[in-house]
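Source file: run31.txt (compact mmCIF, C-alpha atoms and all ligand atoms)
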```
# COMPACT_ATOMS: atom_id res chain seq x y z
CA MET A 169 19.61 -25.69 4.30
CA PHE A 170 21.59 -24.94 7.44
CA SER A 171 21.19 -25.65 11.13
CA TRP A 172 20.11 -23.10 13.73
CA LYS A 173 23.73 -22.86 14.91
CA GLU A 174 24.64 -21.20 11.63
CA ILE A 175 21.96 -18.52 11.81
CA PRO A 176 23.65 -15.15 12.38
CA ILE A 177 22.81 -13.22 15.56
CA GLY A 178 19.76 -11.04 14.91
CA ALA A 179 19.00 -13.14 11.81
CA ILE A 180 20.76 -10.50 9.76
CA VAL A 181 20.55 -10.84 5.98
CA THR A 182 23.21 -8.95 4.08
CA ALA A 183 22.35 -9.69 0.44
CA PRO A 184 19.83 -7.05 -0.67
CA GLY A 185 16.88 -8.18 -2.76
CA SER A 186 17.92 -11.86 -2.60
CA ALA A 187 14.26 -12.93 -2.73
CA LYS A 188 14.57 -12.31 -6.47
CA GLU A 189 16.09 -15.78 -6.71
CA TYR A 190 12.75 -17.27 -5.77
CA ARG A 191 10.59 -18.12 -8.73
CA THR A 192 7.13 -16.76 -7.92
CA GLY A 193 6.29 -17.31 -11.58
CA ASP A 194 5.62 -20.94 -10.67
CA TRP A 195 2.42 -19.83 -8.91
CA ARG A 196 0.91 -18.59 -12.14
CA SER A 197 -2.27 -20.11 -13.56
CA GLN A 198 -2.62 -17.47 -16.28
CA ARG A 199 -0.17 -15.23 -18.07
CA PRO A 200 -0.44 -11.82 -19.72
CA GLU A 201 0.02 -11.59 -23.47
CA TRP A 202 0.71 -8.35 -25.30
CA ASP A 203 -0.71 -7.17 -28.60
CA LEU A 204 1.99 -4.61 -29.28
CA ALA A 205 0.06 -3.10 -32.18
CA LYS A 206 -2.34 -1.68 -29.57
CA CYS A 207 0.32 -0.67 -27.04
CA ILE A 208 1.01 3.06 -26.70
CA LYS A 209 4.00 2.53 -24.36
CA CYS A 210 2.35 4.48 -21.55
CA GLY A 211 3.87 2.39 -18.74
CA LEU A 212 0.69 2.04 -16.67
CA CYS A 213 1.09 -1.74 -16.58
CA TYR A 214 4.58 -1.19 -15.16
CA ILE A 215 3.50 1.12 -12.35
CA TYR A 216 0.55 -1.09 -11.32
CA CYS A 217 2.29 -4.48 -11.12
CA PRO A 218 2.46 -5.65 -7.46
CA ASP A 219 5.35 -7.94 -8.31
CA ALA A 220 7.50 -5.48 -10.24
CA SER A 221 7.33 -7.89 -13.16
CA ILE A 222 6.97 -5.39 -15.99
CA GLY A 223 9.62 -3.01 -17.24
CA TRP A 224 10.19 -1.56 -20.67
CA LYS A 225 12.78 -2.18 -23.31
CA GLN A 226 15.45 0.46 -23.66
CA ASP A 227 15.51 0.34 -27.48
CA ASP A 228 11.86 0.50 -28.56
CA GLY A 229 10.05 1.45 -25.31
CA TYR A 230 7.64 -1.48 -25.37
CA PRO A 231 6.86 -3.35 -22.14
CA TRP A 232 9.16 -6.10 -20.99
CA TRP A 233 7.68 -8.99 -19.03
CA ASP A 234 9.41 -10.87 -16.23
CA GLU A 235 8.28 -14.44 -16.69
CA TYR A 236 10.32 -15.61 -13.69
CA HIS A 237 8.35 -13.51 -11.16
CA CYS A 238 4.93 -12.63 -12.66
CA LYS A 239 2.21 -14.33 -10.58
CA GLY A 240 -0.46 -13.83 -13.25
CA CYS A 241 -2.79 -11.63 -11.19
CA GLY A 242 -4.24 -9.90 -14.26
CA ILE A 243 -4.02 -6.34 -12.90
CA CYS A 244 -1.97 -5.23 -15.93
CA ALA A 245 -4.57 -6.59 -18.36
CA ASN A 246 -7.39 -4.98 -16.37
CA GLU A 247 -5.68 -1.57 -16.20
CA CYS A 248 -4.29 -1.25 -19.73
CA TRP A 249 -6.22 1.54 -21.43
CA THR A 250 -5.90 0.25 -24.92
CA LYS A 251 -6.62 -3.39 -24.09
CA ALA A 252 -3.21 -4.36 -25.40
CA ILE A 253 -2.91 -7.08 -22.74
CA HIS A 254 -5.09 -10.12 -22.30
CA MET A 255 -4.71 -13.07 -19.97
CA VAL A 256 -4.36 -16.60 -21.29
CA GLU A 257 -4.20 -19.87 -19.43
CA GLU A 258 -0.71 -20.86 -18.33
CA THR A 259 0.21 -24.14 -19.94
CA GLU A 260 3.94 -24.41 -19.26
CA MET B 847 -6.65 9.96 -15.10
CA ASP B 848 -5.89 12.76 -17.54
CA LYS B 849 -3.53 12.75 -20.48
CA TYR B 850 -0.65 13.93 -18.33
CA GLY B 851 -1.19 11.02 -15.98
CA LEU B 852 -1.09 8.64 -18.89
CA TYR B 853 2.48 9.25 -19.92
CA VAL B 854 4.28 9.84 -16.64
CA PRO B 855 4.65 6.29 -15.28
CA LYS B 856 7.99 6.00 -17.02
CA LEU B 857 9.22 9.10 -15.19
CA ALA B 858 8.94 7.28 -11.85
CA PRO B 859 12.31 6.07 -10.54
CA ARG B 860 12.99 2.82 -12.32
CA LYS B 861 14.89 1.13 -9.54
CA GLU B 862 12.90 -1.25 -7.35
CA TYR B 863 13.63 -1.11 -3.63
CA PHE B 864 10.95 -3.68 -2.88
CA ALA B 865 12.08 -6.37 -5.27
CA PRO B 866 10.05 -9.12 -6.93
CA GLY B 867 10.16 -12.58 -5.37
CA HIS B 868 8.09 -11.59 -2.34
CA ARG B 869 5.53 -14.15 -1.24
CA ALA B 870 2.42 -11.98 -1.16
CA CYS B 871 -0.84 -13.38 -2.54
CA VAL B 872 -1.55 -13.00 -6.23
CA GLY B 873 -2.77 -9.44 -6.89
CA CYS B 874 -1.88 -8.04 -3.45
CA GLY B 875 -2.67 -4.32 -3.36
CA GLU B 876 -0.73 -3.84 -0.14
CA MET B 877 2.59 -4.88 -1.71
CA LEU B 878 1.83 -2.71 -4.75
CA ALA B 879 1.44 0.23 -2.36
CA VAL B 880 4.71 -0.64 -0.59
CA ARG B 881 6.49 -0.82 -3.93
CA GLN B 882 5.27 2.66 -4.88
CA VAL B 883 6.17 4.15 -1.49
CA CYS B 884 9.70 2.73 -1.75
CA LYS B 885 10.11 4.10 -5.27
CA ALA B 886 9.28 7.56 -3.98
CA LEU B 887 11.80 7.39 -1.12
CA GLY B 888 14.84 6.02 -2.93
CA ARG B 889 17.92 4.39 -1.46
CA GLU B 890 18.80 6.78 1.40
CA THR B 891 16.13 5.17 3.52
CA ILE B 892 15.87 2.98 6.60
CA VAL B 893 12.65 1.01 6.95
CA ILE B 894 11.23 -0.07 10.30
CA ASN B 895 8.41 -2.54 9.77
CA SER B 896 5.98 -3.99 12.31
CA THR B 897 4.79 -7.59 12.12
CA GLY B 898 2.13 -8.21 9.50
CA CYS B 899 1.77 -9.29 5.89
CA ILE B 900 4.42 -6.88 4.60
CA GLU B 901 7.07 -8.20 6.96
CA ILE B 902 6.11 -11.85 6.48
CA VAL B 903 6.07 -11.89 2.69
CA SER B 904 9.27 -9.87 2.30
CA SER B 905 11.58 -11.62 4.75
CA LEU B 906 11.56 -15.37 4.30
CA PHE B 907 14.89 -16.11 5.91
CA PRO B 908 17.55 -16.29 4.53
CA GLN B 909 16.14 -14.19 1.69
CA THR B 910 14.92 -10.61 1.66
CA THR B 911 12.90 -8.51 -0.73
CA TRP B 912 14.38 -5.28 0.58
CA GLU B 913 17.02 -3.30 -1.25
CA VAL B 914 17.34 -0.75 1.58
CA PRO B 915 18.20 -1.32 5.26
CA TRP B 916 15.15 -2.87 6.83
CA MET B 917 14.30 -3.90 10.34
CA HIS B 918 11.49 -6.05 11.66
CA THR B 919 9.97 -4.98 14.97
CA LEU B 920 7.25 -6.44 17.14
CA PHE B 921 3.62 -6.03 16.13
CA GLU B 922 3.17 -3.03 18.41
CA ASN B 923 6.32 -0.94 18.40
CA ALA B 924 7.44 0.14 14.91
CA ALA B 925 6.95 3.81 15.82
CA ALA B 926 8.98 3.40 19.04
CA VAL B 927 11.85 1.60 17.31
CA ALA B 928 11.83 4.17 14.49
CA SER B 929 12.02 6.91 17.15
CA GLY B 930 15.13 5.22 18.52
CA VAL B 931 16.71 4.89 15.09
CA GLU B 932 16.09 8.55 14.39
CA SER B 933 17.49 9.66 17.76
CA ALA B 934 20.55 7.41 17.41
CA ILE B 935 21.38 8.86 13.99
CA LYS B 936 20.99 12.37 15.34
CA VAL B 937 23.36 11.70 18.23
CA MET B 938 25.91 9.94 16.03
CA GLN B 939 25.82 12.80 13.55
CA ARG B 940 26.42 15.26 16.37
CA LYS B 941 29.44 13.22 17.46
CA GLY B 942 30.73 13.01 13.90
CA LYS B 943 30.26 9.23 13.79
CA TYR B 944 27.68 9.21 11.00
CA ARG B 945 27.79 10.98 7.66
CA ASP B 946 26.09 14.31 7.63
CA LYS B 947 23.37 13.54 5.15
CA LYS B 948 19.63 13.24 5.45
CA VAL B 949 18.41 9.69 5.92
CA ASN B 950 14.73 8.98 5.40
CA ILE B 951 13.26 7.14 8.36
CA LEU B 952 10.20 5.19 7.25
CA ALA B 953 8.16 3.41 9.90
CA MET B 954 5.42 1.23 8.52
CA GLY B 955 2.74 -1.18 9.60
CA GLY B 956 -0.68 -2.53 8.82
CA ASP B 957 -3.92 -1.08 10.11
CA GLY B 958 -3.94 -3.50 13.04
CA ALA B 959 -0.41 -2.50 14.01
CA THR B 960 -1.26 1.18 13.64
CA ALA B 961 -4.86 1.69 14.74
CA ASP B 962 -4.92 -0.94 17.48
CA ILE B 963 -1.84 -2.34 19.19
CA GLY B 964 0.71 0.26 18.04
CA LEU B 965 -1.39 3.39 18.55
CA GLN B 966 0.33 4.25 21.82
CA ALA B 967 3.82 3.98 20.31
CA LEU B 968 2.64 6.05 17.34
CA SER B 969 1.16 8.74 19.57
CA GLY B 970 4.42 8.89 21.53
CA ALA B 971 6.50 9.32 18.38
CA PHE B 972 4.23 12.14 17.18
CA GLU B 973 4.23 13.83 20.56
CA ARG B 974 8.01 13.70 20.93
CA GLY B 975 8.37 15.13 17.44
CA HIS B 976 10.73 12.61 15.85
CA ASP B 977 11.72 13.37 12.28
CA LEU B 978 10.15 10.36 10.58
CA LEU B 979 7.41 9.28 8.21
CA TYR B 980 4.91 6.71 9.39
CA VAL B 981 2.90 4.96 6.69
CA CYS B 982 -0.09 2.82 7.61
CA PHE B 983 -0.99 0.24 4.95
CA ASP B 984 -4.69 -0.08 5.53
CA ASN B 985 -6.18 -3.35 4.29
CA GLU B 986 -8.91 -3.03 6.89
CA ALA B 987 -8.23 -6.14 8.99
CA TYR B 988 -5.51 -8.34 10.53
CA MET B 989 -4.77 -10.21 7.32
CA ASN B 990 -1.52 -11.91 8.17
CA THR B 991 -3.12 -13.98 10.91
CA GLY B 992 -6.20 -14.90 8.89
CA ILE B 993 -8.61 -11.96 8.52
CA GLN B 994 -9.57 -10.79 12.01
CA ARG B 995 -11.33 -7.47 12.45
CA SER B 996 -9.40 -4.38 13.45
CA SER B 997 -10.70 -0.97 14.50
CA SER B 998 -10.04 0.03 10.88
CA THR B 999 -12.44 -2.56 9.45
CA PRO B 1000 -15.46 -0.78 7.95
CA TYR B 1001 -18.99 -1.21 9.22
CA GLY B 1002 -20.73 -4.21 7.67
CA ALA B 1003 -17.61 -6.05 6.51
CA VAL B 1004 -17.26 -9.74 7.26
CA THR B 1005 -14.10 -10.99 8.92
CA THR B 1006 -13.56 -14.21 10.86
CA THR B 1007 -14.13 -12.31 14.12
CA SER B 1008 -16.99 -10.17 12.80
CA PRO B 1009 -19.09 -12.87 11.15
CA THR B 1010 -22.48 -12.28 9.63
CA GLY B 1011 -25.55 -14.05 10.96
CA LYS B 1012 -29.06 -13.49 12.24
CA LYS B 1013 -27.90 -11.04 14.87
CA SER B 1014 -24.82 -9.62 13.22
CA ILE B 1015 -24.31 -7.51 10.14
CA GLY B 1016 -20.58 -8.28 10.21
CA GLN B 1017 -18.39 -5.53 11.63
CA GLN B 1018 -20.65 -3.60 13.99
CA THR B 1019 -18.48 -0.57 14.60
CA GLN B 1020 -17.45 2.31 12.35
CA LYS B 1021 -13.94 2.60 10.95
CA LYS B 1022 -11.60 4.48 13.28
CA ASN B 1023 -10.59 7.85 11.87
CA LEU B 1024 -6.82 7.54 12.16
CA PRO B 1025 -5.88 10.54 10.02
CA ALA B 1026 -7.95 12.73 12.36
CA ILE B 1027 -6.13 11.23 15.36
CA ALA B 1028 -2.81 12.05 13.69
CA VAL B 1029 -4.01 15.61 12.97
CA ALA B 1030 -4.98 15.99 16.63
CA HIS B 1031 -1.28 15.62 17.51
CA ASN B 1032 -0.63 18.88 15.67
CA ILE B 1033 1.96 17.31 13.38
CA ASP B 1034 2.77 19.19 10.18
CA TYR B 1035 1.86 16.61 7.56
CA VAL B 1036 -0.98 14.09 7.36
CA ALA B 1037 -2.38 12.57 4.16
CA THR B 1038 -4.33 9.70 2.67
CA ALA B 1039 -3.29 7.96 -0.55
CA SER B 1040 -4.19 5.08 -2.84
CA PRO B 1041 -1.98 2.98 -5.15
CA ALA B 1042 -4.49 3.54 -7.96
CA TYR B 1043 -3.16 7.13 -8.02
CA PRO B 1044 0.58 6.41 -7.92
CA PHE B 1045 1.75 9.96 -8.62
CA ASP B 1046 -0.42 11.47 -5.94
CA LEU B 1047 0.88 8.76 -3.59
CA MET B 1048 4.55 9.26 -4.44
CA ASP B 1049 4.19 13.01 -4.21
CA LYS B 1050 2.70 12.74 -0.73
CA VAL B 1051 5.40 10.33 0.42
CA LYS B 1052 8.08 12.82 -0.67
CA LYS B 1053 6.28 15.68 1.05
CA GLY B 1054 5.85 13.62 4.19
CA VAL B 1055 9.45 12.55 4.46
CA ASN B 1056 10.71 16.06 3.75
CA THR B 1057 8.53 17.51 6.49
CA LYS B 1058 10.60 18.33 9.55
CA GLY B 1059 9.21 16.27 12.39
CA PRO B 1060 6.67 13.48 12.20
CA ALA B 1061 4.43 12.86 9.20
CA TYR B 1062 1.64 10.33 8.77
CA ILE B 1063 0.19 8.83 5.59
CA GLN B 1064 -2.59 6.26 5.44
CA VAL B 1065 -2.49 4.21 2.26
CA PHE B 1066 -5.52 2.22 1.14
CA SER B 1067 -4.33 -1.33 0.42
CA PRO B 1068 -6.68 -3.79 -1.31
CA CYS B 1069 -6.36 -7.37 -0.07
CA PRO B 1070 -7.98 -9.87 -2.45
CA THR B 1071 -7.55 -12.73 0.03
CA GLY B 1072 -9.19 -10.98 2.96
CA TRP B 1073 -11.84 -9.14 0.97
CA ARG B 1074 -12.79 -12.11 -1.16
CA SER B 1075 -12.26 -10.03 -4.29
CA PRO B 1076 -10.68 -10.98 -7.62
CA GLY B 1077 -6.95 -10.20 -7.66
CA GLU B 1078 -7.13 -8.40 -11.00
CA LEU B 1079 -9.46 -5.82 -9.42
CA SER B 1080 -7.07 -4.62 -6.71
CA VAL B 1081 -6.18 -1.41 -8.53
CA ALA B 1082 -9.76 -0.90 -9.74
CA LEU B 1083 -11.00 -1.16 -6.14
CA ALA B 1084 -8.31 1.24 -4.95
CA ARG B 1085 -9.73 3.69 -7.51
CA LEU B 1086 -13.41 3.00 -6.81
CA VAL B 1087 -12.95 3.56 -3.08
CA VAL B 1088 -11.86 7.10 -3.91
CA GLU B 1089 -14.47 7.74 -6.59
CA THR B 1090 -17.25 6.67 -4.21
CA GLY B 1091 -15.99 8.87 -1.39
CA VAL B 1092 -15.50 5.88 0.91
CA PHE B 1093 -11.78 6.68 1.25
CA PRO B 1094 -11.29 10.27 0.09
CA LEU B 1095 -7.81 11.52 -0.75
CA PHE B 1096 -6.69 14.59 1.14
CA GLU B 1097 -3.76 16.30 2.78
CA VAL B 1098 -3.54 18.17 6.05
CA VAL B 1099 -0.58 20.55 5.99
CA LYS B 1100 0.04 22.33 9.29
CA GLY B 1101 -3.54 21.64 10.30
CA LYS B 1102 -5.07 22.88 7.04
CA TYR B 1103 -7.19 20.34 5.17
CA LYS B 1104 -6.96 20.18 1.38
CA MET B 1105 -8.81 17.76 -0.89
CA SER B 1106 -6.45 16.04 -3.35
CA MET B 1107 -9.18 14.96 -5.71
CA GLU B 1108 -12.68 16.22 -6.27
CA PHE B 1109 -15.52 14.67 -8.20
CA GLU B 1110 -18.60 16.41 -9.56
CA LYS B 1111 -20.63 13.47 -8.39
CA LEU B 1112 -19.57 10.60 -6.17
CA ARG B 1113 -20.23 7.14 -7.56
CA SER B 1114 -22.63 4.79 -5.80
CA ILE B 1115 -20.90 2.70 -3.13
CA LYS B 1116 -22.47 -0.35 -4.77
CA ASP B 1117 -19.86 -0.10 -7.54
CA TYR B 1118 -17.18 -0.47 -4.91
CA MET B 1119 -18.87 -3.07 -2.71
CA LYS B 1120 -20.27 -5.45 -5.30
CA PRO B 1121 -17.02 -7.18 -6.32
CA GLN B 1122 -16.11 -7.87 -2.69
CA GLY B 1123 -17.26 -11.02 -0.90
CA ARG B 1124 -16.92 -9.33 2.49
CA PHE B 1125 -19.93 -7.10 1.65
CA ARG B 1126 -21.97 -9.65 -0.28
CA HIS B 1127 -24.47 -10.34 2.54
CA LEU B 1128 -25.58 -6.72 2.88
CA THR B 1129 -29.21 -5.93 2.02
CA GLU B 1130 -30.34 -2.90 0.00
CA ASP B 1131 -31.33 -1.24 3.28
CA ASP B 1132 -27.92 -1.88 4.80
CA ILE B 1133 -26.24 -0.40 1.73
CA ASP B 1134 -28.49 2.67 1.86
CA THR B 1135 -27.51 3.20 5.50
CA ILE B 1136 -23.83 2.92 4.67
CA GLN B 1137 -24.24 5.17 1.62
CA ALA B 1138 -25.84 7.88 3.75
CA ARG B 1139 -23.01 7.68 6.25
CA VAL B 1140 -20.38 7.92 3.48
CA ILE B 1141 -21.99 11.11 2.14
CA GLU B 1142 -22.24 12.55 5.63
CA GLU B 1143 -18.57 11.88 6.38
CA TYR B 1144 -17.52 13.18 2.96
CA ASN B 1145 -19.39 16.41 3.54
CA LYS B 1146 -17.79 16.78 6.95
CA LEU B 1147 -14.40 16.44 5.34
CA LYS B 1148 -15.25 18.98 2.64
CA GLU B 1149 -16.43 21.33 5.34
CA LYS B 1150 -12.99 21.04 6.95
CA ALA B 1151 -11.30 21.73 3.61
CA TYR B 1152 -13.47 24.62 2.48
CA GLY B 1153 -15.43 25.66 5.54
CA GLN B 1154 -12.77 27.52 7.49
C1 LIG C 1201 1.68 -8.87 20.55
C2 LIG C 1201 1.30 -9.65 19.35
N1 LIG C 1201 0.03 -10.07 19.23
C3 LIG C 1201 -0.35 -10.77 18.14
C4 LIG C 1201 0.55 -11.07 17.15
C5 LIG C 1201 0.12 -11.87 15.96
N2 LIG C 1201 0.00 -11.04 14.76
C6 LIG C 1201 1.00 -10.93 13.87
S1 LIG C 1201 0.63 -9.95 12.58
C7 LIG C 1201 -0.95 -9.71 13.16
C8 LIG C 1201 -1.96 -8.91 12.40
C9 LIG C 1201 -1.39 -7.88 11.49
O1 LIG C 1201 -2.42 -7.06 11.03
P1 LIG C 1201 -2.10 -5.68 10.35
O2 LIG C 1201 -1.21 -4.86 11.20
O3 LIG C 1201 -3.38 -5.06 9.91
O4 LIG C 1201 -1.23 -6.08 9.07
P2 LIG C 1201 -1.66 -6.93 7.78
O5 LIG C 1201 -1.21 -8.33 8.04
O6 LIG C 1201 -3.14 -6.82 7.63
O7 LIG C 1201 -0.91 -6.30 6.67
C10 LIG C 1201 -1.14 -10.38 14.37
C11 LIG C 1201 -2.38 -10.39 15.14
C12 LIG C 1201 1.88 -10.62 17.32
N3 LIG C 1201 2.82 -10.84 16.39
N4 LIG C 1201 2.22 -9.92 18.42
S1 LIG C 1202 -0.61 -0.26 -20.11
FE1 LIG C 1202 -1.09 -1.10 -22.13
S2 LIG C 1202 -0.66 0.57 -23.55
FE2 LIG C 1202 0.34 1.10 -21.62
S3 LIG C 1202 2.46 0.30 -21.84
FE3 LIG C 1202 1.24 -1.30 -20.83
S4 LIG C 1202 0.53 -2.60 -22.53
FE4 LIG C 1202 1.21 -0.68 -23.44
S1 LIG C 1203 -0.26 -10.44 -14.39
FE1 LIG C 1203 0.05 -9.33 -12.45
S2 LIG C 1203 2.08 -10.03 -11.74
FE2 LIG C 1203 1.94 -10.54 -13.92
S3 LIG C 1203 2.84 -8.80 -14.98
FE3 LIG C 1203 0.60 -8.44 -14.90
S4 LIG C 1203 0.32 -7.18 -13.05
FE4 LIG C 1203 2.37 -8.12 -12.91
S1 LIG C 1204 -3.44 -11.53 2.84
FE1 LIG C 1204 -3.95 -9.68 1.72
S2 LIG C 1204 -2.45 -8.11 2.33
FE2 LIG C 1204 -1.66 -10.13 2.95
S3 LIG C 1204 -0.33 -10.77 1.25
FE3 LIG C 1204 -2.36 -11.66 0.88
S4 LIG C 1204 -3.44 -10.16 -0.41
FE4 LIG C 1204 -1.65 -9.12 0.50
MG MG C 1205 -4.24 -5.08 8.02
```

Take the structure in the file and give it back as structure tokens.
Amino acid sequence: MFSWKEIPIGAIVTAPGSAKEYRTGDWRSQRPEWDLAKCIKCGLCYIYCPDASIGWKQDDGYPWWDEYHCKGCGICANECWTKAIHMVEETE
Amino acid sequence: MDKYGLYVPKLAPRKEYFAPGHRACVGCGEMLAVRQVCKALGRETIVINSTGCIEIVSSLFPQTTWEVPWMHTLFENAAAVASGVESAIKVMQRKGKYRDKKVNILAMGGDGATADIGLQALSGAFERGHDLLYVCFDNEAYMNTGIQRSSSTPYGAVTTTSPTGKKSIGQQTQKKNLPAIAVAHNIDYVATASPAYPFDLMDKVKKGVNTKGPAYIQVFSPCPTGWRSPGELSVALARLVVETGVFPLFEVVKGKYKMSMEFEKLRSIKDYMKPQGRFRHLTEDDIDTIQARVIEEYNKLKEKAYGQ
């Protein structure tokens, strides 16, 4: 850390999106698991994730999961139409 | 959602302007709403944010969640500061000191910041006609400081300052009708939105910011911590609140009301209230009273949309 003398005037932060370095994934008590056979690549899980922790793979279009940031809320599993996602206990 | 709605999520801008790593509670519907609003606006945006959950969870010094210029104001003056930012850009553009390109000015705050302490600043910004979009993220209480009631808390809901007991049903007053207050300022664009309907929301944000002069959008923002509801239900609740008519989606363009979504039959408010601890103490009679009021208000709104 740094002392108050080093804090810039106005507490300006110039590195955009630097909070990404922080591992919110450590908060997780459950994690989503995908059954890709059921996934229709609709992207609903992506648009409903409060932590922007789902994207999709450029090559095959299937969802991509951000283990570093996902907090395990379960919204994606609850919203997936085809029930391709289910939550399991986090053991790691 | 229809078939069309099913396949469009991937058409939304992929870039995140409200990055992961924010410290919001697990399943926060407010941050989901912020994420969608930012997606709609894109990078040519300056955000002016009053004190509240959004500011706290996104700006843990020396880190930031924001990928666009962002400024934290006091609890009460986001609309005033945003007015200043807008005016300053206008003057600098006139003097040739700022590039001649449209910059989206987004002022935002919670319901406490908007409906209570910041209402005067908001009214001033509307009245002076600044070219900005104000978005109120309505989680129906002062959540950041530990769930105190606001004038946007619905009747019957429990907060720490509207407790339930022998002589109290919880919140004893009705939710303030902020969109109607915005409409009364004769501004050209007012709307309500919910993150359960992301395309409707993003569409409205774009319309609002492209309106010349002030625009106001109130976004329903589920708060699992303050509502005592399961985090995985945040999107489901944001949908149920619309399907029950408790928070109808509409637009008011140049004073003309238009419903964004219509249902043949509204769902029972029980479907919406049951998963939430803040309503758990209500009796059948209480719920009937609230249900009757919801229908009455919904019909009044429909009257405005179709009656004229
Ligand atoms: C003048 C002033 N009074 C009180 C506070 C303490 N305070 C900070 S945020 C907040 C409540 C925010 O509620 P809301 O605007 O609804 O946002 P939310 O946290 O619910 O998203 C309060 C009371 C303050 N910062 N400034
Ligand atoms: S919501 Fe379900 S079906 Fe759609 S992309 Fe995500 S996992 Fe696949
Ligand atoms: S569990 Fe929640 S945080 Fe994790 S990917 Fe699903 S929606 Fe996102
Ligand atoms: S208290 Fe509510 S609004 Fe605030 S971060 Fe937590 S869930 Fe979100
Ligand atoms: Mg609030």

Residues of chain B no more than 10 Å from chain A, counting only C-alpha atoms: send them over as number ranges by chain.
-> B: 851-858, 860-882, 903-917, 1041-1045, 1076-1082

Neighbours of ligand LIG 1201 (chain C) within 6 Å, counting only C-alpha atoms and all ligand atoms, as JSON, numbers by chain? {"B": [897, 898, 899, 900, 921, 955, 956, 957, 958, 959, 985, 987, 988, 989, 990, 991]}

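For the point (14.1, 4.4, 8.9), the residues with at least one atom inside 8 Å, counting all atoms listed in the file, are Thr891, Ile892, Val893, Ile894, Pro915, Trp916, Ala928, Val931, Glu932, Val949, Asn950, Ile951, Leu952, Ala953 and Leu978 of chain B.
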
What are the centre and edge lengths in Å, to one decimal, of the axis-aligned box around all listed atoms of stretch 179-198 of chain A with 8 Å added on each side, as AutoDock Vina command-line options?
```
--center_x 10.3 --center_y -14.0 --center_z -2.2 --size_x 41.8 --size_y 29.9 --size_z 44.1
```

One-decimal distance in Å that lies between atom S1 of ligand LIG 1203 (chain C) and atom CA of B:Val1004 =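 These two atoms are separated by 27.5 Å.
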
I'd like the neighbourhood of stretch 1013-1015 of chain B as a count of residues only, where a residue qualifies if any of its atoms comes within 12 Å (using all atoms listed in the file), though same-chain residues fewer than 4 positions away should be ignored. 20

Q) Which polymer residues, protein or nucleic acid, are no farther than 12 Å from (-16.0, 7.1, -5.6), counting only C-alpha atoms, as number ranges by chain? A) B: 1082-1095, 1107-1119, 1137, 1140-1141, 1144

Quick one: pull the distance between atom CA of B:Thr1057 and atom CA of B:Tyr1035, Å, one decimal.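 Result for atom CA of B:Thr1057 versus atom CA of B:Tyr1035: 6.8 Å, one decimal.
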
message: Report, in Å with one decimal, the straight-line distance from atom CA of B:Lys1050 to atom CA of B:Ala1037.
response: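 Atom CA of B:Ala1037 lies 7.1 Å from atom CA of B:Lys1050.
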
Notebook entry, point to check: Of the candidates B:Gln1018, B:Cys884, B:Arg889, B:Gly1072, which shows the shortest atom-to-atom distance to ligand MG 1205 (chain C), using only C-alpha atoms and all ligand atoms?
Noted result: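 Among B:Gln1018, B:Cys884, B:Arg889, B:Gly1072, it is B:Gly1072 that comes nearest to ligand MG 1205 (chain C).
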
Please list as a PDB file with C-alpha atoms, keeping the file's coordinate frame every residue within 12 Å of B:Asn1023, counting only C-alpha atoms and excluding residues in the same chain fewer than 4 positions away.
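Okay, this is what ended up in around-v5.pdb:
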```pdb
ATOM      1  CA  ASP B 957      -3.920  -1.080  10.110  1.00  0.00           C
ATOM      2  CA  THR B 960      -1.260   1.180  13.640  1.00  0.00           C
ATOM      3  CA  ALA B 961      -4.860   1.690  14.740  1.00  0.00           C
ATOM      4  CA  ASP B 962      -4.920  -0.940  17.480  1.00  0.00           C
ATOM      5  CA  ASP B 984      -4.690  -0.080   5.530  1.00  0.00           C
ATOM      6  CA  SER B 997     -10.700  -0.970  14.500  1.00  0.00           C
ATOM      7  CA  SER B 998     -10.040   0.030  10.880  1.00  0.00           C
ATOM      8  CA  THR B 999     -12.440  -2.560   9.450  1.00  0.00           C
ATOM      9  CA  PRO B1000     -15.460  -0.780   7.950  1.00  0.00           C
ATOM     10  CA  THR B1019     -18.480  -0.570  14.600  1.00  0.00           C
ATOM     11  CA  ILE B1027      -6.130  11.230  15.360  1.00  0.00           C
ATOM     12  CA  ALA B1028      -2.810  12.050  13.690  1.00  0.00           C
ATOM     13  CA  VAL B1029      -4.010  15.610  12.970  1.00  0.00           C
ATOM     14  CA  ALA B1030      -4.980  15.990  16.630  1.00  0.00           C
ATOM     15  CA  THR B1038      -4.330   9.700   2.670  1.00  0.00           C
ATOM     16  CA  GLN B1064      -2.590   6.260   5.440  1.00  0.00           C
ATOM     17  CA  PHE B1093     -11.780   6.680   1.250  1.00  0.00           C
ATOM     18  CA  GLU B1143     -18.570  11.880   6.380  1.00  0.00           C
ATOM     19  CA  LEU B1147     -14.400  16.440   5.340  1.00  0.00           C
TER      20      LEU B1147
END
```
